[in-house]
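The file start26.cif comes next; it holds mmCIF, C-alpha atoms.
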```cif
data_target
loop_
_atom_site.label_atom_id
_atom_site.label_comp_id
_atom_site.auth_asym_id
_atom_site.auth_seq_id
_atom_site.Cartn_x
_atom_site.Cartn_y
_atom_site.Cartn_z
CA MET E 28 -25.14 24.49 -8.59
CA ASN E 29 -23.00 25.70 -5.73
CA LEU E 30 -19.86 23.56 -5.99
CA THR E 31 -18.53 24.69 -2.64
CA THR E 32 -21.30 22.82 -0.89
CA LEU E 33 -21.13 19.75 -3.09
CA ALA E 34 -20.59 16.80 -0.81
CA ILE E 35 -18.99 13.69 -2.24
CA ALA E 36 -18.96 10.37 -0.47
CA PHE E 37 -18.31 7.01 -2.02
CA GLN E 38 -16.92 3.60 -1.20
CA SER E 39 -13.41 3.06 -2.58
CA VAL E 40 -11.02 0.10 -2.64
CA ILE E 41 -9.88 0.48 0.97
CA GLY E 42 -12.80 2.23 2.61
CA PRO E 43 -15.28 5.08 2.45
CA VAL E 44 -14.13 8.41 1.03
CA GLU E 45 -15.55 11.65 2.39
CA SER E 46 -15.42 14.98 0.63
CA ASP E 47 -13.74 16.47 3.69
CA ALA E 48 -10.79 14.12 3.29
CA ILE E 49 -10.48 15.00 -0.41
CA ASP E 50 -10.59 18.71 0.42
CA HIS E 51 -7.94 18.24 3.10
CA SER E 52 -5.66 16.29 0.80
CA LEU E 53 -5.91 18.97 -1.91
CA GLU E 54 -5.31 21.69 0.66
CA LEU E 55 -2.34 19.71 1.94
CA MET E 56 -0.93 19.57 -1.59
CA GLY E 57 -1.24 23.34 -2.04
CA LYS E 58 0.05 24.31 1.37
CA GLY E 59 2.73 21.63 1.41
CA MET E 60 4.28 22.62 -1.91
CA LEU E 61 4.03 26.30 -1.01
CA GLY E 62 5.69 25.60 2.34
CA ILE E 63 8.54 23.67 0.73
CA PHE E 64 9.19 26.42 -1.80
CA ILE E 65 9.15 29.09 0.92
CA VAL E 66 11.77 27.15 2.92
CA MET E 67 13.86 26.47 -0.20
CA VAL E 68 13.76 30.11 -1.30
CA LEU E 69 14.79 31.19 2.21
CA ILE E 70 17.72 28.76 2.14
CA TYR E 71 18.59 30.06 -1.35
CA ALA E 72 18.64 33.62 0.00
CA LEU E 73 20.70 32.42 2.95
CA ILE E 74 23.32 30.86 0.69
CA VAL E 75 23.53 34.00 -1.44
CA GLY E 76 23.84 36.07 1.76
CA LEU E 77 26.50 33.82 3.25
CA ASP E 78 28.42 33.91 -0.03
CA LYS E 79 28.34 37.72 -0.04
CA VAL E 80 29.51 37.97 3.58
CA THR E 81 32.18 35.25 3.59
CA GLY E 82 33.16 35.82 -0.08
CA GLY E 83 34.01 39.45 0.73
CA LYS E 84 36.11 38.34 3.66
CA LYS E 85 38.00 35.94 1.41
CA GLU E 86 38.75 38.65 -1.15
CA LYS E 87 40.21 40.90 1.57
CA GLN E 88 42.42 38.04 2.77
CA MET F 19 4.60 -38.05 26.39
CA SER F 20 2.68 -34.86 27.12
CA GLU F 21 5.84 -33.27 28.50
CA PHE F 22 7.20 -33.33 24.93
CA SER F 23 4.21 -31.43 23.54
CA PHE F 24 6.40 -28.30 23.24
CA LEU F 25 8.03 -30.01 20.27
CA VAL F 26 4.84 -29.72 18.26
CA ASP F 27 3.36 -26.51 19.73
CA GLY F 28 5.11 -24.40 17.13
CA VAL F 29 3.97 -26.56 14.24
CA GLN F 30 0.39 -26.45 15.51
CA THR F 31 0.52 -22.65 15.79
CA MET F 32 1.86 -22.44 12.24
CA ALA F 33 -0.90 -24.70 10.98
CA ALA F 34 -3.45 -22.43 12.65
CA ASN F 35 -1.94 -19.33 11.03
CA PRO F 36 -0.55 -20.19 7.58
CA LYS F 37 -0.12 -16.47 6.85
CA MET F 38 3.15 -16.78 8.76
CA LEU F 39 4.44 -19.10 6.04
CA VAL F 40 3.61 -16.48 3.44
CA MET F 41 5.69 -13.99 5.43
CA TRP F 42 8.62 -16.42 5.35
CA VAL F 43 8.36 -16.25 1.57
CA VAL F 44 8.20 -12.43 1.71
CA GLY F 45 11.27 -12.45 3.98
CA ALA F 46 13.10 -14.81 1.62
CA LEU F 47 12.18 -12.58 -1.32
CA LEU F 48 13.66 -9.53 0.41
CA ILE F 49 16.84 -11.46 1.23
CA TRP F 50 17.05 -12.64 -2.39
CA LEU F 51 16.59 -9.08 -3.69
CA ALA F 52 19.33 -7.90 -1.31
CA ILE F 53 21.86 -10.61 -2.16
CA GLU F 54 21.13 -11.48 -5.78
CA LYS F 55 19.89 -8.15 -7.10
CA ASP F 56 21.89 -5.85 -4.80
CA PHE F 57 18.72 -3.87 -3.94
CA GLU F 58 19.60 -1.75 -0.86
CA PRO F 59 21.10 -4.88 0.75
CA ALA F 60 21.99 -3.08 3.99
CA LEU F 61 18.30 -2.56 4.73
CA LEU F 62 16.44 -5.24 2.80
CA LEU F 63 18.53 -8.10 4.18
CA PRO F 64 17.91 -7.26 7.86
CA MET F 65 14.25 -6.56 7.05
CA GLY F 66 13.90 -9.86 5.21
CA PHE F 67 15.49 -11.85 8.01
CA GLY F 68 13.47 -9.87 10.54
CA ALA F 69 10.26 -10.70 8.64
CA ILE F 70 11.05 -14.38 9.16
CA LEU F 71 12.03 -13.86 12.80
CA VAL F 72 8.81 -12.09 13.79
CA ASN F 73 6.68 -14.67 12.03
CA LEU F 74 7.88 -17.64 14.00
CA PRO F 75 5.25 -19.18 16.26
CA LEU F 76 5.10 -18.62 20.04
CA PRO F 77 6.53 -15.56 21.84
CA GLY F 78 10.08 -15.85 20.44
CA VAL F 79 11.57 -12.44 19.62
CA LEU F 80 8.31 -10.57 20.19
CA GLY F 81 7.12 -11.63 23.64
CA ASN F 82 3.44 -11.72 24.50
CA ILE F 83 2.22 -8.65 22.68
CA ALA F 84 -1.12 -7.18 21.77
CA VAL F 85 -1.66 -4.33 19.34
CA ASP F 86 -4.69 -2.08 19.81
CA ALA F 87 -6.74 -0.43 17.08
CA ALA F 88 -4.57 2.70 17.20
CA GLY F 89 -1.50 0.58 16.52
CA HIS F 90 -0.04 0.92 20.02
CA THR F 91 1.68 -2.14 21.39
CA THR F 92 1.10 -3.50 24.85
CA VAL F 93 3.34 -6.19 26.23
CA GLU F 94 2.45 -8.75 28.82
CA GLY F 95 5.58 -9.63 30.78
CA ALA F 96 9.04 -8.99 29.41
CA PRO F 97 9.11 -7.84 25.77
CA GLY F 98 11.01 -9.88 23.20
CA ILE F 99 14.14 -8.31 21.76
CA VAL F 100 12.53 -7.08 18.52
CA THR F 101 9.59 -5.62 20.44
CA TRP F 102 11.98 -3.88 22.81
CA LEU F 103 14.06 -2.49 19.92
CA PHE F 104 10.90 -1.22 18.24
CA GLN F 105 9.48 0.37 21.37
CA THR F 106 12.78 1.95 22.37
CA GLY F 107 14.30 2.85 19.04
CA ILE F 108 11.24 3.82 17.04
CA GLU F 109 7.93 3.98 18.90
CA THR F 110 8.88 6.15 21.85
CA SER F 111 11.67 8.31 20.49
CA GLU F 112 12.15 7.74 16.73
CA ALA F 113 15.80 7.49 17.75
CA PHE F 114 16.93 5.05 15.04
CA PRO F 115 15.85 7.06 11.98
CA LEU F 116 17.07 10.29 13.58
CA LEU F 117 20.47 8.89 14.55
CA LEU F 118 20.84 7.57 11.02
CA PHE F 119 20.47 11.16 9.85
CA VAL F 120 23.63 12.13 11.75
CA GLY F 121 25.50 9.60 9.63
CA ILE F 122 23.81 10.75 6.42
CA GLY F 123 24.61 14.39 7.22
CA ALA F 124 28.25 13.48 7.75
CA MET F 125 28.30 11.79 4.33
CA ILE F 126 26.91 14.75 2.39
CA ASP F 127 29.06 17.42 0.81
CA PHE F 128 26.79 20.43 0.27
CA GLY F 129 29.54 22.11 -1.79
CA PRO F 130 27.92 21.53 -5.22
CA LEU F 131 24.68 23.03 -3.89
CA LEU F 132 26.37 25.98 -2.20
CA SER F 133 28.19 26.83 -5.42
CA ASN F 134 25.00 26.57 -7.49
CA PRO F 135 22.11 27.33 -5.10
CA ARG F 136 19.38 27.57 -7.75
CA MET F 137 19.41 23.76 -7.67
CA LEU F 138 17.51 24.12 -4.38
CA LEU F 139 14.36 24.82 -6.35
CA PHE F 140 14.49 21.30 -7.81
CA GLY F 141 14.83 19.85 -4.32
CA GLY F 142 11.46 21.50 -3.67
CA ALA F 143 9.73 20.73 -6.98
CA ALA F 144 10.68 17.06 -6.86
CA GLN F 145 8.57 16.56 -3.74
CA PHE F 146 5.40 17.03 -5.81
CA GLY F 147 4.81 13.28 -6.06
CA ILE F 148 4.45 13.09 -2.27
CA PHE F 149 1.42 15.38 -2.23
CA LEU F 150 -0.15 13.99 -5.41
CA THR F 151 0.09 10.53 -3.86
CA VAL F 152 -1.66 11.74 -0.71
CA VAL F 153 -4.61 12.83 -2.87
CA LEU F 154 -4.67 9.51 -4.72
CA ALA F 155 -4.42 7.51 -1.49
CA VAL F 156 -7.36 9.45 -0.04
CA LEU F 157 -9.36 8.74 -3.21
CA LEU F 158 -8.58 5.05 -2.73
CA GLY F 159 -10.10 5.20 0.73
CA PHE F 160 -7.06 5.43 3.01
CA PRO F 161 -7.55 7.58 6.13
CA LEU F 162 -5.70 10.90 5.83
CA LYS F 163 -2.97 9.93 8.34
CA ASP F 164 -2.17 6.80 6.33
CA ALA F 165 -2.37 8.71 3.05
CA MET F 166 0.14 11.27 4.36
CA SER F 167 2.49 8.51 5.51
CA ILE F 168 2.21 6.68 2.17
CA GLY F 169 2.92 9.87 0.24
CA VAL F 170 6.24 10.31 2.03
CA ILE F 171 7.53 7.15 0.32
CA GLY F 172 8.03 9.54 -2.59
CA ALA F 173 10.61 11.44 -0.55
CA ALA F 174 12.94 8.55 -1.49
CA ASP F 175 14.17 8.81 2.04
CA GLY F 176 13.70 5.72 4.21
CA PRO F 177 14.32 7.28 7.65
CA THR F 178 11.89 10.16 6.92
CA SER F 179 9.22 7.70 5.74
CA ILE F 180 9.62 5.63 8.90
CA LEU F 181 9.57 8.68 11.16
CA VAL F 182 6.48 10.24 9.59
CA SER F 183 4.51 6.98 9.54
CA GLN F 184 5.44 6.31 13.16
CA THR F 185 4.59 9.83 14.33
CA LEU F 186 1.23 9.73 12.55
CA GLY F 187 0.55 6.21 13.85
CA SER F 188 0.03 4.70 10.40
CA ALA F 189 -1.02 1.07 10.27
CA TYR F 190 1.11 0.57 7.13
CA MET F 191 4.54 1.37 8.53
CA GLY F 192 6.04 -1.98 7.52
CA ALA F 193 4.80 -1.75 3.94
CA ILE F 194 5.91 1.89 3.75
CA ALA F 195 9.45 1.01 4.88
CA VAL F 196 9.69 -1.91 2.45
CA ALA F 197 8.37 0.26 -0.41
CA ALA F 198 10.67 3.19 0.43
CA TYR F 199 13.82 1.09 0.45
CA SER F 200 12.85 -1.16 -2.46
CA TYR F 201 12.06 1.71 -4.80
CA MET F 202 15.17 3.55 -3.72
CA ALA F 203 17.10 0.58 -5.05
CA LEU F 204 15.04 0.77 -8.24
CA VAL F 205 15.89 4.42 -8.96
CA PRO F 206 18.11 3.39 -11.93
CA VAL F 207 15.07 1.67 -13.47
CA ILE F 208 12.25 4.02 -12.44
CA GLN F 209 13.85 7.40 -13.16
CA PRO F 210 14.92 6.85 -16.79
CA LEU F 211 11.41 5.63 -17.64
CA ALA F 212 9.73 8.58 -15.90
CA ILE F 213 12.13 11.12 -17.43
CA LYS F 214 11.76 9.77 -20.96
CA LEU F 215 8.00 9.94 -20.55
CA VAL F 216 8.05 13.74 -20.22
CA THR F 217 11.12 14.87 -22.17
CA THR F 218 12.21 14.93 -25.79
CA LYS F 219 15.64 13.80 -26.98
CA LYS F 220 16.45 17.44 -27.77
CA GLU F 221 15.69 18.45 -24.18
CA ARG F 222 17.78 15.60 -22.81
CA MET F 223 20.71 16.83 -24.92
CA ILE F 224 20.74 20.36 -23.49
CA ARG F 225 24.24 21.12 -22.30
CA MET F 226 24.89 23.02 -19.12
CA PRO F 227 28.32 24.53 -18.61
CA TYR F 228 29.62 24.03 -15.11
CA ASN F 229 31.39 27.06 -13.66
CA PRO F 230 31.27 26.53 -9.91
CA LYS F 231 31.93 29.43 -7.59
CA SER F 232 34.38 28.70 -4.84
CA VAL F 233 32.74 28.13 -1.48
CA THR F 234 34.49 29.30 1.66
CA LYS F 235 34.95 27.09 4.67
CA THR F 236 33.03 29.62 6.77
CA THR F 237 30.01 29.23 4.46
CA LYS F 238 30.20 25.46 4.75
CA ILE F 239 30.29 25.70 8.54
CA LEU F 240 27.57 28.33 8.85
CA PHE F 241 25.23 26.60 6.37
CA PRO F 242 24.12 23.69 8.59
CA ILE F 243 23.67 25.98 11.58
CA VAL F 244 21.57 28.58 9.79
CA VAL F 245 19.47 25.99 7.92
CA THR F 246 18.63 24.43 11.29
CA LEU F 247 17.60 27.86 12.58
CA ILE F 248 15.38 28.48 9.55
CA ALA F 249 13.80 25.02 9.76
CA GLY F 250 13.23 25.47 13.48
CA MET F 251 11.39 28.73 12.96
CA ILE F 252 9.48 28.05 9.73
CA ALA F 253 8.75 24.32 9.99
CA PRO F 254 9.28 23.35 13.64
CA ASP F 255 8.20 19.76 13.06
CA SER F 256 11.08 19.27 10.65
CA VAL F 257 13.65 20.40 13.18
CA ALA F 258 14.50 16.94 14.50
CA LEU F 259 15.10 15.66 10.97
CA VAL F 260 16.86 18.75 9.67
CA GLY F 261 18.74 19.30 12.93
CA PHE F 262 20.24 15.82 13.07
CA LEU F 263 21.09 15.89 9.35
CA MET F 264 22.80 19.26 9.78
CA PHE F 265 24.51 18.20 13.00
CA GLY F 266 26.17 15.36 11.09
CA ASN F 267 27.15 17.80 8.37
CA LEU F 268 28.59 20.28 10.86
CA ILE F 269 30.78 17.52 12.31
CA ARG F 270 32.03 16.87 8.79
CA GLU F 271 32.64 20.47 7.81
CA SER F 272 34.15 21.64 11.10
CA GLY F 273 37.49 20.22 10.02
CA ARG F 274 38.31 19.50 13.67
CA LEU F 275 36.38 16.28 14.15
CA GLU F 276 37.64 13.99 11.44
CA SER F 277 37.48 10.97 13.70
CA LEU F 278 33.87 11.70 14.73
CA SER F 279 32.93 12.39 11.12
CA GLN F 280 34.36 9.04 10.02
CA THR F 281 32.58 7.32 12.92
CA ALA F 282 29.25 8.93 12.00
CA GLN F 283 29.63 8.00 8.32
CA GLY F 284 30.80 4.47 9.01
CA PRO F 285 30.26 2.62 12.28
CA LEU F 286 27.32 4.71 13.54
CA ALA F 287 25.41 4.58 10.24
CA ASN F 288 26.18 0.86 9.86
CA LEU F 289 25.09 -0.02 13.40
CA ILE F 290 21.85 1.90 13.14
CA THR F 291 21.18 0.41 9.70
CA ILE F 292 21.56 -3.13 11.02
CA PHE F 293 19.14 -2.53 13.88
CA LEU F 294 16.74 -0.31 11.93
CA GLY F 295 16.15 -3.05 9.37
CA ILE F 296 15.49 -5.78 11.87
CA THR F 297 13.43 -3.45 14.08
CA ILE F 298 11.15 -2.36 11.24
CA ALA F 299 10.40 -6.04 10.73
CA PHE F 300 8.33 -5.75 13.92
CA THR F 301 5.63 -4.20 11.73
CA MET F 302 5.78 -7.13 9.32
CA GLN F 303 3.86 -9.58 11.43
CA ALA F 304 1.60 -11.62 9.16
CA ASP F 305 -1.71 -10.42 10.59
CA ARG F 306 -0.73 -6.78 10.11
CA PHE F 307 1.18 -7.03 6.88
CA LEU F 308 -0.77 -9.39 4.66
CA ASN F 309 -3.69 -7.39 3.36
CA ILE F 310 -4.79 -5.65 0.21
CA GLY F 311 -3.69 -2.33 1.76
CA THR F 312 -0.04 -3.44 1.69
CA LEU F 313 -0.19 -4.16 -2.03
CA ILE F 314 -1.84 -0.80 -2.71
CA VAL F 315 0.78 0.96 -0.55
CA MET F 316 3.51 -0.62 -2.69
CA ALA F 317 1.76 0.57 -5.87
CA LEU F 318 1.25 4.07 -4.46
CA GLY F 319 4.91 4.22 -3.47
CA LEU F 320 5.88 3.58 -7.08
CA PHE F 321 3.43 6.27 -8.19
CA ALA F 322 4.99 8.72 -5.70
CA PHE F 323 8.52 8.00 -6.96
CA ILE F 324 7.50 8.48 -10.59
CA PHE F 325 5.66 11.73 -9.96
CA ASP F 326 8.44 13.13 -7.80
CA THR F 327 10.78 12.69 -10.73
CA ILE F 328 8.21 14.10 -13.15
CA GLY F 329 7.61 17.07 -10.79
CA GLY F 330 11.31 18.01 -10.88
CA VAL F 331 11.58 17.53 -14.65
CA VAL F 332 8.44 19.52 -15.47
CA PHE F 333 9.52 22.33 -13.14
CA ALA F 334 12.82 22.59 -15.05
CA LYS F 335 10.87 22.71 -18.30
CA ILE F 336 8.72 25.54 -16.94
CA LEU F 337 11.83 27.47 -15.86
CA ASN F 338 13.29 27.00 -19.36
CA ILE F 339 10.38 28.99 -20.82
CA PHE F 340 11.74 32.05 -19.03
CA LEU F 341 15.47 31.38 -19.38
CA PRO F 342 17.48 32.74 -22.33
CA GLN F 343 19.21 30.44 -24.83
CA GLY F 344 22.50 29.21 -23.40
CA LYS F 345 21.20 29.40 -19.84
CA LYS F 346 18.60 26.68 -20.22
CA ILE F 347 18.50 23.79 -17.81
CA ASN F 348 18.58 20.19 -18.89
CA PRO F 349 15.22 19.00 -17.48
CA MET F 350 16.77 15.72 -16.39
CA VAL F 351 18.63 17.64 -13.68
CA GLY F 352 15.25 18.49 -12.15
CA GLY F 353 14.56 14.78 -11.79
CA ALA F 354 17.63 14.50 -9.55
CA GLY F 355 15.86 16.62 -6.93
CA ILE F 356 14.76 13.51 -5.06
CA SER F 357 16.56 12.31 -1.97
CA ALA F 358 18.08 9.09 -3.32
CA PHE F 359 21.69 10.26 -3.04
CA PRO F 360 23.97 9.76 -4.94
CA MET F 361 22.13 7.22 -7.04
CA SER F 362 19.82 9.69 -8.73
CA SER F 363 22.62 12.03 -9.84
CA ARG F 364 24.54 9.09 -11.28
CA VAL F 365 21.46 8.02 -13.23
CA ILE F 366 21.11 11.52 -14.72
CA GLN F 367 24.79 11.62 -15.67
CA LYS F 368 24.49 8.22 -17.34
CA MET F 369 21.39 9.27 -19.25
CA ALA F 370 23.02 12.51 -20.37
CA LEU F 371 26.10 10.69 -21.66
CA LYS F 372 23.89 8.22 -23.48
CA GLU F 373 22.23 11.04 -25.41
CA ASP F 374 25.45 13.00 -25.98
CA ASN F 375 28.78 11.57 -24.92
CA GLN F 376 30.20 15.04 -24.25
CA ASN F 377 27.38 16.23 -21.99
CA HIS F 378 28.51 16.08 -18.36
CA LEU F 379 25.69 16.93 -15.97
CA LEU F 380 27.00 15.15 -12.90
CA MET F 381 27.81 18.16 -10.75
CA HIS F 382 24.52 19.93 -11.55
CA ALA F 383 22.66 16.71 -10.73
CA VAL F 384 24.61 16.29 -7.47
CA GLY F 385 23.57 19.83 -6.50
CA ALA F 386 19.90 19.01 -7.17
CA ASN F 387 20.28 15.68 -5.43
CA VAL F 388 21.62 17.13 -2.16
CA ALA F 389 18.89 19.78 -2.40
CA GLY F 390 16.53 16.79 -2.55
CA GLN F 391 17.96 15.61 0.77
CA ILE F 392 16.97 18.91 2.33
CA GLY F 393 13.66 18.98 0.44
CA SER F 394 12.63 15.53 1.62
CA VAL F 395 13.19 16.25 5.31
CA VAL F 396 11.47 19.61 4.98
CA ALA F 397 8.54 17.87 3.23
CA GLY F 398 8.38 15.34 6.08
CA GLY F 399 8.35 18.15 8.64
CA ILE F 400 5.71 20.13 6.75
CA ILE F 401 3.48 17.05 6.52
CA LEU F 402 3.82 16.56 10.29
CA SER F 403 2.97 20.23 10.89
CA LEU F 404 -0.07 20.11 8.59
CA ALA F 405 -1.17 16.81 10.13
CA LYS F 406 -1.67 18.66 13.39
CA VAL F 407 -4.15 20.94 11.63
CA PHE F 408 -5.97 18.37 9.51
CA LEU F 409 -6.02 15.50 11.98
CA ALA F 410 -6.96 17.62 14.99
#
```

Could you render the structure as structure tokens?
Amino acid sequence: MNLTTLAIAFQSVIGPVESDAIDHSLELMGKGMLGIFIVMVLIYALIVGLDKVTGGKKEKQ
Amino acid sequence: MSEFSFLVDGVQTMAANPKMLVMWVVGALLIWLAIEKDFEPALLLPMGFGAILVNLPLPGVLGNIAVDAAGHTTVEGAPGIVTWLFQTGIETSEAFPLLLFVGIGAMIDFGPLLSNPRMLLFGGAAQFGIFLTVVLAVLLGFPLKDAMSIGVIGAADGPTSILVSQTLGSAYMGAIAVAAYSYMALVPVIQPLAIKLVTTKKERMIRMPYNPKSVTKTTKILFPIVVTLIAGMIAPDSVALVGFLMFGNLIRESGRLESLSQTAQGPLANLITIFLGITIAFTMQADRFLNIGTLIVMALGLFAFIFDTIGGVVFAKILNIFLPQGKKINPMVGGAGISAFPMSSRVIQKMALKEDNQNHLLMHAVGANVAGQIGSVVAGGIILSLAKVFLA
């Protein structure tokens, strides 16, 4: 069975659920968490960079 | 006597729509929680009173309004004051939640994070509950835009929840705001339960020495500016949230604007809070609010809060696999990566002292907690960016 073409559709508590919506929500989870970590790692690098630049200045003073 | 019919018009309208009476009870419950239980009283009290105000019969504070299927409000004649506040402060500009961020930014000291930047990772990991909740909400049958808005309750950040649900045009904005602020008040109850569920006593007793590096004033001033630049380039939809948060922080750290900083932290934040609460009540009109969806939104909000905490804790446990003995992280600190500041860090400190009365985790938890502030607004911005792709 080719799972990539498996279409799911059922009636849930609030309304109908389509496989597209499930796919999108899972994709959102993957991309969302990846996006957050990318931003956080960039800010991490920024803090380390700022510390190196301004820390050096402080030592000279 | 027909000229005195106005005396009974209201009663007749109430009799025709008894749901309004139920909303009075909901309003009273919120006021009771605010006053008796001290649950986020600054928000829940105005929201509770507002829920009563907007569920009085006849035009009153709303005016003659009609709400279309997309949730947009049209007003016939002059809008009532609550309608006007909603349209001006939230619907057209999202000004209230954004202005509140200036105050929040002025309140936050990023020092503990700048001296221990690895805590940033927990501010990212503890947003996991948001995305897991989106999946669950979709499985329950919510449209994707509502599912995304509901997930953001897990950010533990009221203004971000309001802004995202408004931008995405969610029909559950009122329930989302009530859930976000109610659960934020319940952090001292929810977090210990969630943390104990996924940690052992031995893990909760891990000690973490605190040797902060000194942070220069230049770093503190440059940090909000550069973070805004990064957010603007990487996640442009988060730039309003991040920008206003960082603007408030820059006022604080500049050292030249003490008066403005105090105004942003005090009078500005208080004024916006008063009006935000009563304005959000616009979305608590009986016909909109009283449905099974509202109850499920409340339950999903709790789920999001729990799994945000678990996300942070489990991430710390994963990091511990790779860290040498003596450098290990107390997993509870990961749970502080949510945005409920400073409540979450206090909860972690209390839990740590309960397990070992010499284990002081407060400053580590504060670092993770302020990282959670950044993480939650970034998560909100990323959801708005991805919404453009998925909802196109």

Output the residue selection produced by the PyMOL selection byres ((chain F and resi 374) around 12) on the file above, formatted as a list in words.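 So the PyMOL selection byres ((chain F and resi 374) around 12), applied here, picks out Lys219, Lys220, Glu221, Arg222, Met223, Ile224, Arg225, Gln367, Lys368, Met369, Ala370, Leu371, Lys372, Glu373, Asn375, Gln376, Asn377, His378 and Leu379 of chain F.
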
When the PyMOL selection byres ((chain F) within 7 of (chain E)) is applied to the structure above, which residues does it catch, written out as a list in words?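 What the PyMOL selection byres ((chain F) within 7 of (chain E)) grabs from the file is Leu132, Pro135, Arg136, Leu138, Leu139, Gly142, Phe146, Phe149, Leu150, Val152, Val153, Val156, Leu157, Leu158, Gly159, Phe160, Leu162, Thr234, Thr236, Thr237, Val245, Gly311, Gly393, Val396, Ala397, Ile400, Ile401 and Phe408 of chain F.
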
Edge lengths and centre in Å to one decimal, as AutoDock Vina command-line options, of the axis-aligned box that encloses all listed atoms of range 69-73 of chain E with 4 Å added on every side?
```
--center_x 17.7 --center_y 31.2 --center_z 0.8 --size_x 13.9 --size_y 12.9 --size_z 12.3
```

CA of Gly385 in chain F and CA of Pro130 in chain F are how many Å apart?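 Separation between CA of Gly385 in chain F and CA of Pro130 in chain F: 4.8 Å.
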
Name the residues that the PyMOL selection byres ((chain F and resi 194-205) around 9) pulls out of this structure, and write them as a PDB file with C-alpha atoms, keeping the file's coordinate frame.
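Heads up, here's the output in result_20.pdb:
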```
ATOM      1  CA  LEU F  48      13.660  -9.530   0.410  1.00  0.00           C
ATOM      2  CA  LEU F  51      16.590  -9.080  -3.690  1.00  0.00           C
ATOM      3  CA  ASP F  56      21.890  -5.850  -4.800  1.00  0.00           C
ATOM      4  CA  PHE F  57      18.720  -3.870  -3.940  1.00  0.00           C
ATOM      5  CA  GLU F  58      19.600  -1.750  -0.860  1.00  0.00           C
ATOM      6  CA  PRO F  59      21.100  -4.880   0.750  1.00  0.00           C
ATOM      7  CA  LEU F  61      18.300  -2.560   4.730  1.00  0.00           C
ATOM      8  CA  LEU F  62      16.440  -5.240   2.800  1.00  0.00           C
ATOM      9  CA  MET F  65      14.250  -6.560   7.050  1.00  0.00           C
ATOM     10  CA  SER F 167       2.490   8.510   5.510  1.00  0.00           C
ATOM     11  CA  ILE F 168       2.210   6.680   2.170  1.00  0.00           C
ATOM     12  CA  VAL F 170       6.240  10.310   2.030  1.00  0.00           C
ATOM     13  CA  ILE F 171       7.530   7.150   0.320  1.00  0.00           C
ATOM     14  CA  GLY F 172       8.030   9.540  -2.590  1.00  0.00           C
ATOM     15  CA  ALA F 173      10.610  11.440  -0.550  1.00  0.00           C
ATOM     16  CA  ALA F 174      12.940   8.550  -1.490  1.00  0.00           C
ATOM     17  CA  ASP F 175      14.170   8.810   2.040  1.00  0.00           C
ATOM     18  CA  GLY F 176      13.700   5.720   4.210  1.00  0.00           C
ATOM     19  CA  PRO F 177      14.320   7.280   7.650  1.00  0.00           C
ATOM     20  CA  SER F 179       9.220   7.700   5.740  1.00  0.00           C
ATOM     21  CA  ILE F 180       9.620   5.630   8.900  1.00  0.00           C
ATOM     22  CA  SER F 183       4.510   6.980   9.540  1.00  0.00           C
ATOM     23  CA  TYR F 190       1.110   0.570   7.130  1.00  0.00           C
ATOM     24  CA  MET F 191       4.540   1.370   8.530  1.00  0.00           C
ATOM     25  CA  GLY F 192       6.040  -1.980   7.520  1.00  0.00           C
ATOM     26  CA  ALA F 193       4.800  -1.750   3.940  1.00  0.00           C
ATOM     27  CA  PRO F 206      18.110   3.390 -11.930  1.00  0.00           C
ATOM     28  CA  VAL F 207      15.070   1.670 -13.470  1.00  0.00           C
ATOM     29  CA  ILE F 208      12.250   4.020 -12.440  1.00  0.00           C
ATOM     30  CA  GLN F 209      13.850   7.400 -13.160  1.00  0.00           C
ATOM     31  CA  PRO F 210      14.920   6.850 -16.790  1.00  0.00           C
ATOM     32  CA  ILE F 298      11.150  -2.360  11.240  1.00  0.00           C
ATOM     33  CA  THR F 312      -0.040  -3.440   1.690  1.00  0.00           C
ATOM     34  CA  VAL F 315       0.780   0.960  -0.550  1.00  0.00           C
ATOM     35  CA  MET F 316       3.510  -0.620  -2.690  1.00  0.00           C
ATOM     36  CA  ALA F 317       1.760   0.570  -5.870  1.00  0.00           C
ATOM     37  CA  GLY F 319       4.910   4.220  -3.470  1.00  0.00           C
ATOM     38  CA  LEU F 320       5.880   3.580  -7.080  1.00  0.00           C
ATOM     39  CA  PHE F 323       8.520   8.000  -6.960  1.00  0.00           C
ATOM     40  CA  ALA F 358      18.080   9.090  -3.320  1.00  0.00           C
ATOM     41  CA  MET F 361      22.130   7.220  -7.040  1.00  0.00           C
ATOM     42  CA  SER F 362      19.820   9.690  -8.730  1.00  0.00           C
ATOM     43  CA  VAL F 365      21.460   8.020 -13.230  1.00  0.00           C
TER      44      VAL F 365
END
```

I'd like the interatomic distance between CA of Gly261 in chain F and CA of Leu181 in chain F, to a tenth of an Å.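 CA of Leu181 in chain F lies at a distance of 14.1 Å from CA of Gly261 in chain F.
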
Tell me, in Å to one decimal, how far CA of Gly329 in chain F is from CA of Ser394 in chain F.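 Computing it gives 13.5 Å between the two atoms.
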
Residue with smallest distance to Ala60 in chain F - pool F:Leu289, F:Ala410, F:Leu341, F:Ala383, counting only C-alpha atoms: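 Looking at the shortest contact to Ala60 in chain F, the residue is F:Leu289.
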